[in-house]
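Data file: structure_11.cif. Format and content: mmCIF, C-alpha atoms and all ligand atoms.
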```cif
data_input
loop_
_atom_site.group_PDB
_atom_site.id
_atom_site.type_symbol
_atom_site.label_atom_id
_atom_site.label_comp_id
_atom_site.auth_asym_id
_atom_site.auth_seq_id
_atom_site.Cartn_x
_atom_site.Cartn_y
_atom_site.Cartn_z
ATOM 1 C CA MET A 122 66.353 119.514 88.161
ATOM 2 C CA SER A 123 67.820 117.463 85.310
ATOM 3 C CA LYS A 124 70.836 115.225 85.870
ATOM 4 C CA PRO A 125 74.048 117.198 86.492
ATOM 5 C CA HIS A 126 76.320 117.668 83.488
ATOM 6 C CA PRO A 127 79.594 115.725 83.954
ATOM 7 C CA ILE A 128 82.695 117.858 83.512
ATOM 8 C CA ILE A 129 86.457 117.532 83.968
ATOM 9 C CA ILE A 130 88.515 120.645 84.746
ATOM 10 C CA ASP A 131 92.093 120.766 83.464
ATOM 11 C CA THR A 132 93.868 123.632 85.195
ATOM 12 C CA ASP A 133 97.020 125.390 86.452
ATOM 13 C CA PRO A 134 95.825 127.330 89.532
ATOM 14 C CA GLY A 135 96.319 130.387 89.509
ATOM 15 C CA GLN A 136 93.853 132.685 91.281
ATOM 16 C CA ASP A 137 91.486 132.941 88.303
ATOM 17 C CA ASP A 138 91.592 129.148 87.885
ATOM 18 C CA ALA A 139 90.733 128.915 91.588
ATOM 19 C CA VAL A 140 87.662 131.123 91.158
ATOM 20 C CA ALA A 141 86.615 129.009 88.156
ATOM 21 C CA ILE A 142 86.918 125.812 90.219
ATOM 22 C CA LEU A 143 84.911 127.411 93.041
ATOM 23 C CA LEU A 144 82.201 128.456 90.578
ATOM 24 C CA ALA A 145 81.977 124.898 89.224
ATOM 25 C CA LEU A 146 81.866 123.358 92.698
ATOM 26 C CA ALA A 147 79.170 125.843 93.754
ATOM 27 C CA SER A 148 76.959 124.959 90.781
ATOM 28 C CA PRO A 149 74.569 122.012 91.143
ATOM 29 C CA GLU A 150 74.294 121.903 87.346
ATOM 30 C CA PHE A 151 77.677 120.081 87.262
ATOM 31 C CA GLU A 152 79.138 116.810 88.422
ATOM 32 C CA VAL A 153 82.911 117.395 88.608
ATOM 33 C CA LEU A 154 84.395 113.997 87.707
ATOM 34 C CA GLY A 155 87.938 115.135 88.369
ATOM 35 C CA ILE A 156 90.425 117.988 88.286
ATOM 36 C CA THR A 157 93.614 117.469 86.308
ATOM 37 C CA ALA A 158 96.550 119.735 87.096
ATOM 38 C CA VAL A 159 99.107 120.857 84.534
ATOM 39 C CA ALA A 160 102.275 122.943 84.723
ATOM 40 C CA GLY A 161 101.577 126.539 83.706
ATOM 41 C CA ASN A 162 101.193 129.583 85.921
ATOM 42 C CA VAL A 163 103.558 127.869 88.364
ATOM 43 C CA PRO A 164 105.266 124.447 88.297
ATOM 44 C CA LEU A 165 103.156 121.279 88.549
ATOM 45 C CA ALA A 166 103.910 120.567 92.230
ATOM 46 C CA LEU A 167 102.217 123.870 93.089
ATOM 47 C CA THR A 168 99.280 123.671 90.651
ATOM 48 C CA GLU A 169 98.167 120.274 91.967
ATOM 49 C CA LEU A 170 98.611 121.479 95.566
ATOM 50 C CA ASN A 171 96.609 124.634 94.844
ATOM 51 C CA ALA A 172 93.826 122.620 93.196
ATOM 52 C CA ARG A 173 93.454 120.573 96.392
ATOM 53 C CA LYS A 174 93.524 123.707 98.581
ATOM 54 C CA ILE A 175 90.630 125.114 96.570
ATOM 55 C CA CYS A 176 88.576 121.925 96.800
ATOM 56 C CA GLU A 177 88.980 122.006 100.571
ATOM 57 C CA LEU A 178 88.048 125.699 100.697
ATOM 58 C CA ALA A 179 84.826 124.718 98.925
ATOM 59 C CA GLY A 180 84.277 121.890 101.425
ATOM 60 C CA ARG A 181 84.776 119.323 98.658
ATOM 61 C CA SER A 182 87.631 117.079 99.777
ATOM 62 C CA ASP A 183 85.805 114.290 97.924
ATOM 63 C CA ILE A 184 86.868 115.701 94.516
ATOM 64 C CA LYS A 185 89.558 113.682 92.752
ATOM 65 C CA VAL A 186 92.639 115.720 91.824
ATOM 66 C CA TYR A 187 95.207 114.270 89.420
ATOM 67 C CA SER A 188 98.686 115.472 88.577
ATOM 68 C CA GLY A 189 99.606 115.657 84.890
ATOM 69 C CA ALA A 190 102.336 116.973 82.618
ATOM 70 C CA ILE A 191 105.337 118.505 84.294
ATOM 71 C CA ARG A 192 106.353 120.481 81.181
ATOM 72 C CA PRO A 193 105.090 121.363 77.704
ATOM 73 C CA MET A 194 105.392 118.842 74.849
ATOM 74 C CA VAL A 195 108.273 120.487 72.987
ATOM 75 C CA ARG A 196 109.247 123.803 74.521
ATOM 76 C CA SER A 197 110.570 124.605 77.989
ATOM 77 C CA LEU A 198 108.084 125.614 80.674
ATOM 78 C CA VAL A 199 107.329 129.320 81.006
ATOM 79 C CA THR A 200 105.602 130.326 84.264
ATOM 80 C CA ALA A 201 103.878 133.523 85.429
ATOM 81 C CA GLU A 202 104.871 134.198 89.049
ATOM 82 C CA GLU A 203 104.883 137.933 88.278
ATOM 83 C CA VAL A 204 101.094 137.677 87.873
ATOM 84 C CA HIS A 205 100.156 134.946 90.365
ATOM 85 C CA GLY A 206 102.924 135.193 92.996
ATOM 86 C CA LYS A 207 105.444 132.606 94.118
ATOM 87 C CA THR A 208 102.818 130.060 95.196
ATOM 88 C CA GLY A 209 100.524 130.662 92.215
ATOM 89 C CA LEU A 210 97.781 131.431 94.706
ATOM 90 C CA ASP A 211 99.208 134.415 96.587
ATOM 91 C CA GLY A 212 96.669 136.507 98.486
ATOM 92 C CA PRO A 213 94.697 134.448 101.010
ATOM 93 C CA VAL A 214 96.306 132.211 103.610
ATOM 94 C CA LEU A 215 94.922 128.745 102.901
ATOM 95 C CA PRO A 216 95.878 125.660 104.912
ATOM 96 C CA ASP A 217 97.870 122.854 103.347
ATOM 97 C CA PRO A 218 95.421 120.291 102.017
ATOM 98 C CA VAL A 219 94.667 117.064 103.836
ATOM 99 C CA MET A 220 92.892 115.389 100.909
ATOM 100 C CA PRO A 221 95.185 113.122 98.891
ATOM 101 C CA LEU A 222 96.463 113.574 95.382
ATOM 102 C CA GLN A 223 95.240 110.649 93.235
ATOM 103 C CA THR A 224 97.980 108.196 92.296
ATOM 104 C CA GLN A 225 96.790 107.803 88.686
ATOM 105 C CA HIS A 226 98.421 110.159 86.169
ATOM 106 C CA ALA A 227 96.095 112.875 84.840
ATOM 107 C CA VAL A 228 96.598 111.735 81.233
ATOM 108 C CA ASP A 229 95.577 108.167 82.156
ATOM 109 C CA PHE A 230 92.565 109.506 84.036
ATOM 110 C CA LEU A 231 91.471 111.502 80.972
ATOM 111 C CA VAL A 232 91.856 108.513 78.653
ATOM 112 C CA ASP A 233 90.149 106.049 81.013
ATOM 113 C CA THR A 234 87.276 108.391 81.807
ATOM 114 C CA PHE A 235 86.467 109.286 78.207
ATOM 115 C CA MET A 236 86.789 105.646 77.101
ATOM 116 C CA SER A 237 84.618 104.269 79.903
ATOM 117 C CA HIS A 238 81.759 106.796 79.813
ATOM 118 C CA PRO A 239 79.208 106.991 77.011
ATOM 119 C CA ALA A 240 80.502 109.008 74.036
ATOM 120 C CA GLY A 241 79.406 112.636 73.873
ATOM 121 C CA THR A 242 78.506 113.020 77.527
ATOM 122 C CA ILE A 243 81.514 114.632 79.279
ATOM 123 C CA THR A 244 82.625 118.232 78.749
ATOM 124 C CA LEU A 245 86.281 119.110 79.222
ATOM 125 C CA CYS A 246 86.949 122.585 80.649
ATOM 126 C CA THR A 247 90.519 123.747 80.111
ATOM 127 C CA LEU A 248 91.958 126.675 82.056
ATOM 128 C CA GLY A 249 95.678 126.295 81.362
ATOM 129 C CA PRO A 250 98.172 125.079 78.754
ATOM 130 C CA LEU A 251 96.723 122.154 76.779
ATOM 131 C CA THR A 252 99.559 119.683 77.453
ATOM 132 C CA ASN A 253 97.516 117.072 79.363
ATOM 133 C CA VAL A 254 94.746 117.092 76.767
ATOM 134 C CA ALA A 255 97.122 116.801 73.802
ATOM 135 C CA LEU A 256 99.028 113.966 75.473
ATOM 136 C CA ALA A 257 95.750 112.128 76.091
ATOM 137 C CA LEU A 258 94.828 112.572 72.420
ATOM 138 C CA VAL A 259 98.214 111.248 71.318
ATOM 139 C CA ARG A 260 97.977 108.311 73.710
ATOM 140 C CA GLU A 261 94.389 107.363 72.743
ATOM 141 C CA PRO A 262 93.127 109.162 69.613
ATOM 142 C CA ARG A 263 89.707 107.503 69.982
ATOM 143 C CA ILE A 264 88.855 109.883 72.838
ATOM 144 C CA ALA A 265 88.464 112.681 70.257
ATOM 145 C CA SER A 266 85.082 111.355 69.157
ATOM 146 C CA ARG A 267 84.008 110.659 72.738
ATOM 147 C CA ILE A 268 84.556 114.136 74.248
ATOM 148 C CA LYS A 269 81.259 116.037 74.158
ATOM 149 C CA GLN A 270 83.053 119.372 73.816
ATOM 150 C CA ILE A 271 86.050 121.347 75.019
ATOM 151 C CA VAL A 272 85.549 124.816 76.454
ATOM 152 C CA ALA A 273 88.975 126.418 76.657
ATOM 153 C CA MET A 274 90.295 129.696 78.006
ATOM 154 C CA GLY A 275 93.036 130.669 75.604
ATOM 155 C CA GLY A 276 94.143 132.791 72.718
ATOM 156 C CA GLY A 277 93.452 136.322 71.668
ATOM 157 C CA TYR A 278 92.919 137.905 68.295
ATOM 158 C CA PHE A 279 91.461 141.402 68.389
ATOM 159 C CA GLU A 280 93.159 141.971 71.773
ATOM 160 C CA GLN A 281 96.326 140.211 70.585
ATOM 161 C CA GLY A 282 98.567 138.760 73.315
ATOM 162 C CA ASN A 283 99.268 139.144 77.013
ATOM 163 C CA VAL A 284 102.595 137.320 77.335
ATOM 164 C CA THR A 285 104.044 138.396 73.989
ATOM 165 C CA PRO A 286 102.595 141.030 71.632
ATOM 166 C CA SER A 287 100.853 138.245 69.715
ATOM 167 C CA ALA A 288 100.286 135.336 72.103
ATOM 168 C CA GLU A 289 98.107 134.613 75.104
ATOM 169 C CA PHE A 290 99.737 132.724 78.007
ATOM 170 C CA ASN A 291 97.929 129.348 77.866
ATOM 171 C CA ILE A 292 98.565 128.896 74.151
ATOM 172 C CA TYR A 293 102.080 130.367 74.270
ATOM 173 C CA VAL A 294 103.232 127.944 76.977
ATOM 174 C CA ASP A 295 102.372 124.898 74.869
ATOM 175 C CA PRO A 296 101.512 125.878 71.295
ATOM 176 C CA HIS A 297 102.193 122.375 69.968
ATOM 177 C CA ALA A 298 99.633 120.934 72.384
ATOM 178 C CA ALA A 299 97.123 123.620 71.396
ATOM 179 C CA ARG A 300 97.590 122.777 67.732
ATOM 180 C CA ILE A 301 96.927 119.071 68.395
ATOM 181 C CA VAL A 302 93.776 119.877 70.371
ATOM 182 C CA PHE A 303 92.457 122.436 67.866
ATOM 183 C CA GLU A 304 92.972 120.003 64.978
ATOM 184 C CA ALA A 305 91.393 116.979 66.712
ATOM 185 C CA GLY A 306 87.878 117.567 65.363
ATOM 186 C CA ILE A 307 86.396 117.982 68.866
ATOM 187 C CA PRO A 308 83.609 120.588 69.262
ATOM 188 C CA LEU A 309 85.555 123.506 70.697
ATOM 189 C CA THR A 310 84.585 126.807 72.264
ATOM 190 C CA LEU A 311 87.487 129.178 72.720
ATOM 191 C CA ILE A 312 87.250 131.964 75.283
ATOM 192 C CA PRO A 313 90.073 134.334 74.352
ATOM 193 C CA LEU A 314 91.312 137.632 75.759
ATOM 194 C CA ASP A 315 88.828 139.323 73.393
ATOM 195 C CA CYS A 316 86.133 138.159 75.819
ATOM 196 C CA THR A 317 87.928 138.006 79.166
ATOM 197 C CA HIS A 318 89.321 141.542 78.932
ATOM 198 C CA GLN A 319 85.714 142.719 79.341
ATOM 199 C CA ALA A 320 85.282 140.836 82.654
ATOM 200 C CA LEU A 321 87.059 143.208 85.041
ATOM 201 C CA THR A 322 87.397 142.674 88.778
ATOM 202 C CA THR A 323 86.370 146.251 89.637
ATOM 203 C CA ALA A 324 86.665 147.430 93.257
ATOM 204 C CA SER A 325 82.910 147.157 93.866
ATOM 205 C CA ARG A 326 82.795 143.595 92.525
ATOM 206 C CA VAL A 327 85.712 142.527 94.733
ATOM 207 C CA GLU A 328 84.020 144.138 97.765
ATOM 208 C CA ALA A 329 80.930 141.993 97.162
ATOM 209 C CA PHE A 330 83.092 138.884 97.683
ATOM 210 C CA ARG A 331 84.810 140.376 100.737
ATOM 211 C CA ALA A 332 81.488 141.129 102.409
ATOM 212 C CA MET A 333 80.286 137.504 102.278
ATOM 213 C CA PRO A 334 79.828 135.833 105.674
ATOM 214 C CA ASN A 335 81.420 132.553 104.468
ATOM 215 C CA ALA A 336 85.117 131.587 104.107
ATOM 216 C CA SER A 337 85.138 131.372 100.304
ATOM 217 C CA GLY A 338 83.988 134.950 99.569
ATOM 218 C CA PRO A 339 86.756 136.749 101.540
ATOM 219 C CA ALA A 340 89.318 134.231 100.176
ATOM 220 C CA VAL A 341 88.240 135.104 96.624
ATOM 221 C CA ALA A 342 88.552 138.826 97.442
ATOM 222 C CA ALA A 343 92.089 138.262 98.774
ATOM 223 C CA MET A 344 93.012 136.311 95.638
ATOM 224 C CA LEU A 345 91.635 139.018 93.372
ATOM 225 C CA ASP A 346 93.373 141.802 95.341
ATOM 226 C CA PHE A 347 96.680 140.119 94.554
ATOM 227 C CA PHE A 348 95.901 138.936 91.030
ATOM 228 C CA GLU A 349 94.479 142.153 89.603
ATOM 229 C CA ARG A 350 97.371 144.434 90.530
ATOM 230 C CA PHE A 351 99.540 143.209 87.629
ATOM 231 C CA ASP A 352 96.948 143.888 84.936
ATOM 232 C CA GLU A 353 95.705 147.098 86.563
ATOM 233 C CA ASN A 354 99.234 148.468 86.246
ATOM 234 C CA LYS A 355 99.532 147.191 82.694
ATOM 235 C CA TYR A 356 96.165 148.304 81.309
ATOM 236 C CA GLY A 357 95.329 151.210 83.652
ATOM 237 C CA THR A 358 91.885 149.733 84.400
ATOM 238 C CA ASP A 359 89.775 149.415 87.564
ATOM 239 C CA GLY A 360 90.412 145.690 88.175
ATOM 240 C CA GLY A 361 91.979 143.021 86.011
ATOM 241 C CA PRO A 362 90.434 140.503 83.603
ATOM 242 C CA LEU A 363 88.981 137.449 85.327
ATOM 243 C CA HIS A 364 89.780 134.937 82.590
ATOM 244 C CA ASP A 365 89.126 131.346 83.636
ATOM 245 C CA PRO A 366 85.709 131.590 85.358
ATOM 246 C CA CYS A 367 84.321 132.672 81.960
ATOM 247 C CA VAL A 368 84.687 129.013 80.858
ATOM 248 C CA ILE A 369 82.374 127.749 83.607
ATOM 249 C CA ALA A 370 79.989 130.682 83.168
ATOM 250 C CA TRP A 371 79.730 129.954 79.430
ATOM 251 C CA LEU A 372 78.499 126.451 80.270
ATOM 252 C CA LEU A 373 76.036 127.775 82.853
ATOM 253 C CA LYS A 374 74.673 130.701 80.844
ATOM 254 C CA PRO A 375 75.793 130.782 77.199
ATOM 255 C CA SER A 376 73.301 133.605 76.562
ATOM 256 C CA LEU A 377 75.722 135.980 78.380
ATOM 257 C CA PHE A 378 78.228 135.559 75.526
ATOM 258 C CA THR A 379 78.436 136.113 71.777
ATOM 259 C CA GLY A 380 80.783 134.335 69.395
ATOM 260 C CA ARG A 381 81.283 132.956 65.928
ATOM 261 C CA LEU A 382 82.189 129.516 64.520
ATOM 262 C CA VAL A 383 85.436 130.070 62.608
ATOM 263 C CA ASN A 384 88.821 128.535 61.877
ATOM 264 C CA VAL A 385 91.512 129.009 64.510
ATOM 265 C CA SER A 386 95.081 127.926 63.758
ATOM 266 C CA VAL A 387 98.057 128.082 66.092
ATOM 267 C CA GLU A 388 101.464 129.463 65.147
ATOM 268 C CA CYS A 389 104.181 126.991 66.153
ATOM 269 C CA GLU A 390 107.005 127.956 63.807
ATOM 270 C CA SER A 391 107.869 131.643 64.123
ATOM 271 C CA GLU A 392 109.637 132.547 67.373
ATOM 272 C CA LEU A 393 108.389 136.129 66.986
ATOM 273 C CA THR A 394 104.703 135.162 66.940
ATOM 274 C CA MET A 395 104.922 131.755 68.692
ATOM 275 C CA GLY A 396 101.559 130.675 70.133
ATOM 276 C CA ALA A 397 99.506 133.264 68.245
ATOM 277 C CA THR A 398 95.925 132.142 67.572
ATOM 278 C CA VAL A 399 95.183 133.081 63.968
ATOM 279 C CA VAL A 400 91.400 133.516 63.855
ATOM 280 C CA ASP A 401 89.745 133.565 60.424
ATOM 281 C CA TRP A 402 86.978 135.868 61.670
ATOM 282 C CA TRP A 403 85.937 136.955 58.167
ATOM 283 C CA GLY A 404 86.132 133.508 56.567
ATOM 284 C CA VAL A 405 88.819 134.475 54.089
ATOM 285 C CA THR A 406 90.376 130.997 53.968
ATOM 286 C CA LYS A 407 88.956 127.581 53.166
ATOM 287 C CA ARG A 408 90.295 126.226 56.466
ATOM 288 C CA PRO A 409 87.690 124.222 58.405
ATOM 289 C CA ARG A 410 85.622 125.989 61.081
ATOM 290 C CA ASN A 411 87.001 124.257 64.157
ATOM 291 C CA ALA A 412 86.102 126.587 67.035
ATOM 292 C CA THR A 413 83.433 128.931 68.286
ATOM 293 C CA VAL A 414 85.439 131.989 69.254
ATOM 294 C CA VAL A 415 83.767 134.048 71.963
ATOM 295 C CA ARG A 416 83.946 137.785 71.410
ATOM 296 C CA SER A 417 81.838 139.416 74.116
ATOM 297 C CA ILE A 418 80.436 138.874 77.599
ATOM 298 C CA ASP A 419 77.733 140.579 79.654
ATOM 299 C CA ALA A 420 80.190 141.372 82.459
ATOM 300 C CA GLU A 421 77.591 142.632 84.926
ATOM 301 C CA ALA A 422 75.487 139.478 84.619
ATOM 302 C CA PHE A 423 78.638 137.333 84.771
ATOM 303 C CA PHE A 424 79.743 138.863 88.087
ATOM 304 C CA ASN A 425 76.189 138.650 89.463
ATOM 305 C CA LEU A 426 76.208 134.933 88.690
ATOM 306 C CA LEU A 427 79.637 134.497 90.257
ATOM 307 C CA ILE A 428 78.693 136.435 93.404
ATOM 308 C CA ASP A 429 75.457 134.526 93.762
ATOM 309 C CA ARG A 430 77.199 131.137 93.462
ATOM 310 C CA ILE A 431 80.294 131.847 95.609
ATOM 311 C CA ALA A 432 77.948 133.064 98.364
ATOM 312 C CA LYS A 433 76.512 129.540 98.519
ATOM 313 C CA LEU A 434 79.872 127.926 99.350
ATOM 314 C CA PRO A 435 81.135 127.292 102.915
HETATM 315 C C1 LIG B 501 95.441 132.728 81.317
HETATM 316 O O1 LIG B 501 96.793 132.626 81.761
HETATM 317 C C2 LIG B 501 96.848 132.411 83.139
HETATM 318 O O2 LIG B 501 97.760 133.272 83.734
HETATM 319 C C3 LIG B 501 95.451 132.562 83.674
HETATM 320 O O3 LIG B 501 95.215 131.632 84.710
HETATM 321 C C4 LIG B 501 94.568 132.293 82.472
HETATM 322 O O4 LIG B 501 94.273 130.918 82.342
HETATM 323 C C5 LIG B 501 95.177 134.124 80.804
HETATM 324 O O5 LIG B 501 96.030 134.426 79.763
HETATM 325 CA CA CA B 502 94.712 129.337 84.107
#
```

Take the structure from the file and write it as structure tokens.
Amino acid sequence: MSKPHPIIIDTDPGQDDAVAILLALASPEFEVLGITAVAGNVPLALTELNARKICELAGRSDIKVYSGAIRPMVRSLVTAEEVHGKTGLDGPVLPDPVMPLQTQHAVDFLVDTFMSHPAGTITLCTLGPLTNVALALVREPRIASRIKQIVAMGGGYFEQGNVTPSAEFNIYVDPHAARIVFEAGIPLTLIPLDCTHQALTTASRVEAFRAMPNASGPAVAAMLDFFERFDENKYGTDGGPLHDPCVIAWLLKPSLFTGRLVNVSVECESELTMGATVVDWWGVTKRPRNATVVRSIDAEAFFNLLIDRIAKLP
């Protein structure tokens, strides 16, 4: 096999973040250089703790976890306990982690890592608000030309929003950070609700995790049992959208997805539509094409991949 692809995961776990981290750790195609936690679904003290719990669940206490921004750049933190529960990871009972939190700040880790590795080699996977990434870009703008690509879960256009009528959670929480990242000239793939709303945790898919003879499979099932109830009630579907693992799956098997290179701009001025991702799908402006916006996923193949990989974990 060729050399593993180095990635960094910036995240706010979150059950779907947790499944994304597990998918990455179960995939020999990747070398996970570090996990950077950000405030989002729950406050920072919980997201960094949850990230370490997940590494230990995967038997990977060697992974370096860094703590990052405690709040968005300009606005106050908005969290989503109604979706993820009080801990952010409600569902399974996972032990408190033994592995340490790194002492370096996540933003310093991002800057140092991108500056010290060859340009164009490391992919940044973002699963939460973009605060850490924007702060790193402000601190050291030269990293922009050194990041191979960013694959980000965020935004929504045809599906509109999930936290307001027009905004998706990750972008809404820190729209100013998203604007900085989207305008940085870094190759960007955006996985919005338009894609993730097709990846539903149906009962039969969740049962496949529960039936696994390892610890990770039943833990994933317990996470999804808790996580999906909010969106099932909202959308009236069998299962809820499994957003963040789509980022890792896109890197593993891009052929499961379709998308289009377009301009995406972020609304940061209007309170009514704050955090909306304005996607120029039809190319009606002269704004630069700064993101490949993913529009569809082969959900069956995506869950088969996920089930196959999670089954390989402890
Ligand atoms: C995104 O918001 C969070 O609640 C999820 O973890 C995901 O990253 C979906 O809008
Ligand atoms: Ca997330």

**Report entry** Exercise answer, 10 Å around ligand LIG 501 (chain B) with all atoms listed in the file, as a ChimeraX atom specification
**Finding:** /A:132-141,161-163,200-205,209,247-250,273-277,282-284,288-294,312-314,317-318,348,362-366,368

How would the residues just chosen look if you wrote them out with C-alpha atoms as an mmCIF file, in the coordinates of the input?
```cif
data_model
loop_
_atom_site.group_PDB
_atom_site.id
_atom_site.type_symbol
_atom_site.label_atom_id
_atom_site.label_comp_id
_atom_site.auth_asym_id
_atom_site.auth_seq_id
_atom_site.Cartn_x
_atom_site.Cartn_y
_atom_site.Cartn_z
ATOM 1 C CA THR A 132 93.868 123.632 85.195
ATOM 2 C CA ASP A 133 97.020 125.390 86.452
ATOM 3 C CA PRO A 134 95.825 127.330 89.532
ATOM 4 C CA GLY A 135 96.319 130.387 89.509
ATOM 5 C CA GLN A 136 93.853 132.685 91.281
ATOM 6 C CA ASP A 137 91.486 132.941 88.303
ATOM 7 C CA ASP A 138 91.592 129.148 87.885
ATOM 8 C CA ALA A 139 90.733 128.915 91.588
ATOM 9 C CA VAL A 140 87.662 131.123 91.158
ATOM 10 C CA ALA A 141 86.615 129.009 88.156
ATOM 11 C CA GLY A 161 101.577 126.539 83.706
ATOM 12 C CA ASN A 162 101.193 129.583 85.921
ATOM 13 C CA VAL A 163 103.558 127.869 88.364
ATOM 14 C CA THR A 200 105.602 130.326 84.264
ATOM 15 C CA ALA A 201 103.878 133.523 85.429
ATOM 16 C CA GLU A 202 104.871 134.198 89.049
ATOM 17 C CA GLU A 203 104.883 137.933 88.278
ATOM 18 C CA VAL A 204 101.094 137.677 87.873
ATOM 19 C CA HIS A 205 100.156 134.946 90.365
ATOM 20 C CA GLY A 209 100.524 130.662 92.215
ATOM 21 C CA THR A 247 90.519 123.747 80.111
ATOM 22 C CA LEU A 248 91.958 126.675 82.056
ATOM 23 C CA GLY A 249 95.678 126.295 81.362
ATOM 24 C CA PRO A 250 98.172 125.079 78.754
ATOM 25 C CA ALA A 273 88.975 126.418 76.657
ATOM 26 C CA MET A 274 90.295 129.696 78.006
ATOM 27 C CA GLY A 275 93.036 130.669 75.604
ATOM 28 C CA GLY A 276 94.143 132.791 72.718
ATOM 29 C CA GLY A 277 93.452 136.322 71.668
ATOM 30 C CA GLY A 282 98.567 138.760 73.315
ATOM 31 C CA ASN A 283 99.268 139.144 77.013
ATOM 32 C CA VAL A 284 102.595 137.320 77.335
ATOM 33 C CA ALA A 288 100.286 135.336 72.103
ATOM 34 C CA GLU A 289 98.107 134.613 75.104
ATOM 35 C CA PHE A 290 99.737 132.724 78.007
ATOM 36 C CA ASN A 291 97.929 129.348 77.866
ATOM 37 C CA ILE A 292 98.565 128.896 74.151
ATOM 38 C CA TYR A 293 102.080 130.367 74.270
ATOM 39 C CA VAL A 294 103.232 127.944 76.977
ATOM 40 C CA ILE A 312 87.250 131.964 75.283
ATOM 41 C CA PRO A 313 90.073 134.334 74.352
ATOM 42 C CA LEU A 314 91.312 137.632 75.759
ATOM 43 C CA THR A 317 87.928 138.006 79.166
ATOM 44 C CA HIS A 318 89.321 141.542 78.932
ATOM 45 C CA PHE A 348 95.901 138.936 91.030
ATOM 46 C CA PRO A 362 90.434 140.503 83.603
ATOM 47 C CA LEU A 363 88.981 137.449 85.327
ATOM 48 C CA HIS A 364 89.780 134.937 82.590
ATOM 49 C CA ASP A 365 89.126 131.346 83.636
ATOM 50 C CA PRO A 366 85.709 131.590 85.358
ATOM 51 C CA VAL A 368 84.687 129.013 80.858
#
```

Please write the residues picked by the PyMOL selection byres (((chain A and resi 264) around 9) and not hetatm) on this file as a PyMOL selection string.
chain A and resi 231-232+235-236+240+257-258+261-263+265-268

Between A:Thr406, A:Ser391, A:Ser337, A:Thr157, which residue has the minimum interatomic distance to Thr252 of chain A, considering only C-alpha atoms?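 Answer, going by the shortest atom-to-atom distance: A:Thr157.
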
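Among the candidates A:Ala343, A:Glu328, A:Leu251, A:Lys174, the residue lying nearest to ligand CA 502 (chain B) is A:Leu251 (atoms considered: all atoms listed in the file).
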
- [ ] Just say which residues the PyMOL selection byres (((chain A and resi 388) around 8) and not hetatm) picks in this file, as a list in words.
- [x] Pro296, Ser386, Val387, Cys389, Glu390, Ser391, Thr394, Met395, Gly396, Ala397, Thr398 and Val399 of chain A

Store the residues picked out above, limited to C-alpha atoms, as a compact mmCIF listing (two decimals), in the frame of the given file.
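Done, and the output landed in out30.txt:
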```
# COMPACT_ATOMS: atom_id res chain seq x y z
CA PRO A 296 101.51 125.88 71.30
CA SER A 386 95.08 127.93 63.76
CA VAL A 387 98.06 128.08 66.09
CA CYS A 389 104.18 126.99 66.15
CA GLU A 390 107.00 127.96 63.81
CA SER A 391 107.87 131.64 64.12
CA THR A 394 104.70 135.16 66.94
CA MET A 395 104.92 131.76 68.69
CA GLY A 396 101.56 130.68 70.13
CA ALA A 397 99.51 133.26 68.24
CA THR A 398 95.92 132.14 67.57
CA VAL A 399 95.18 133.08 63.97
```
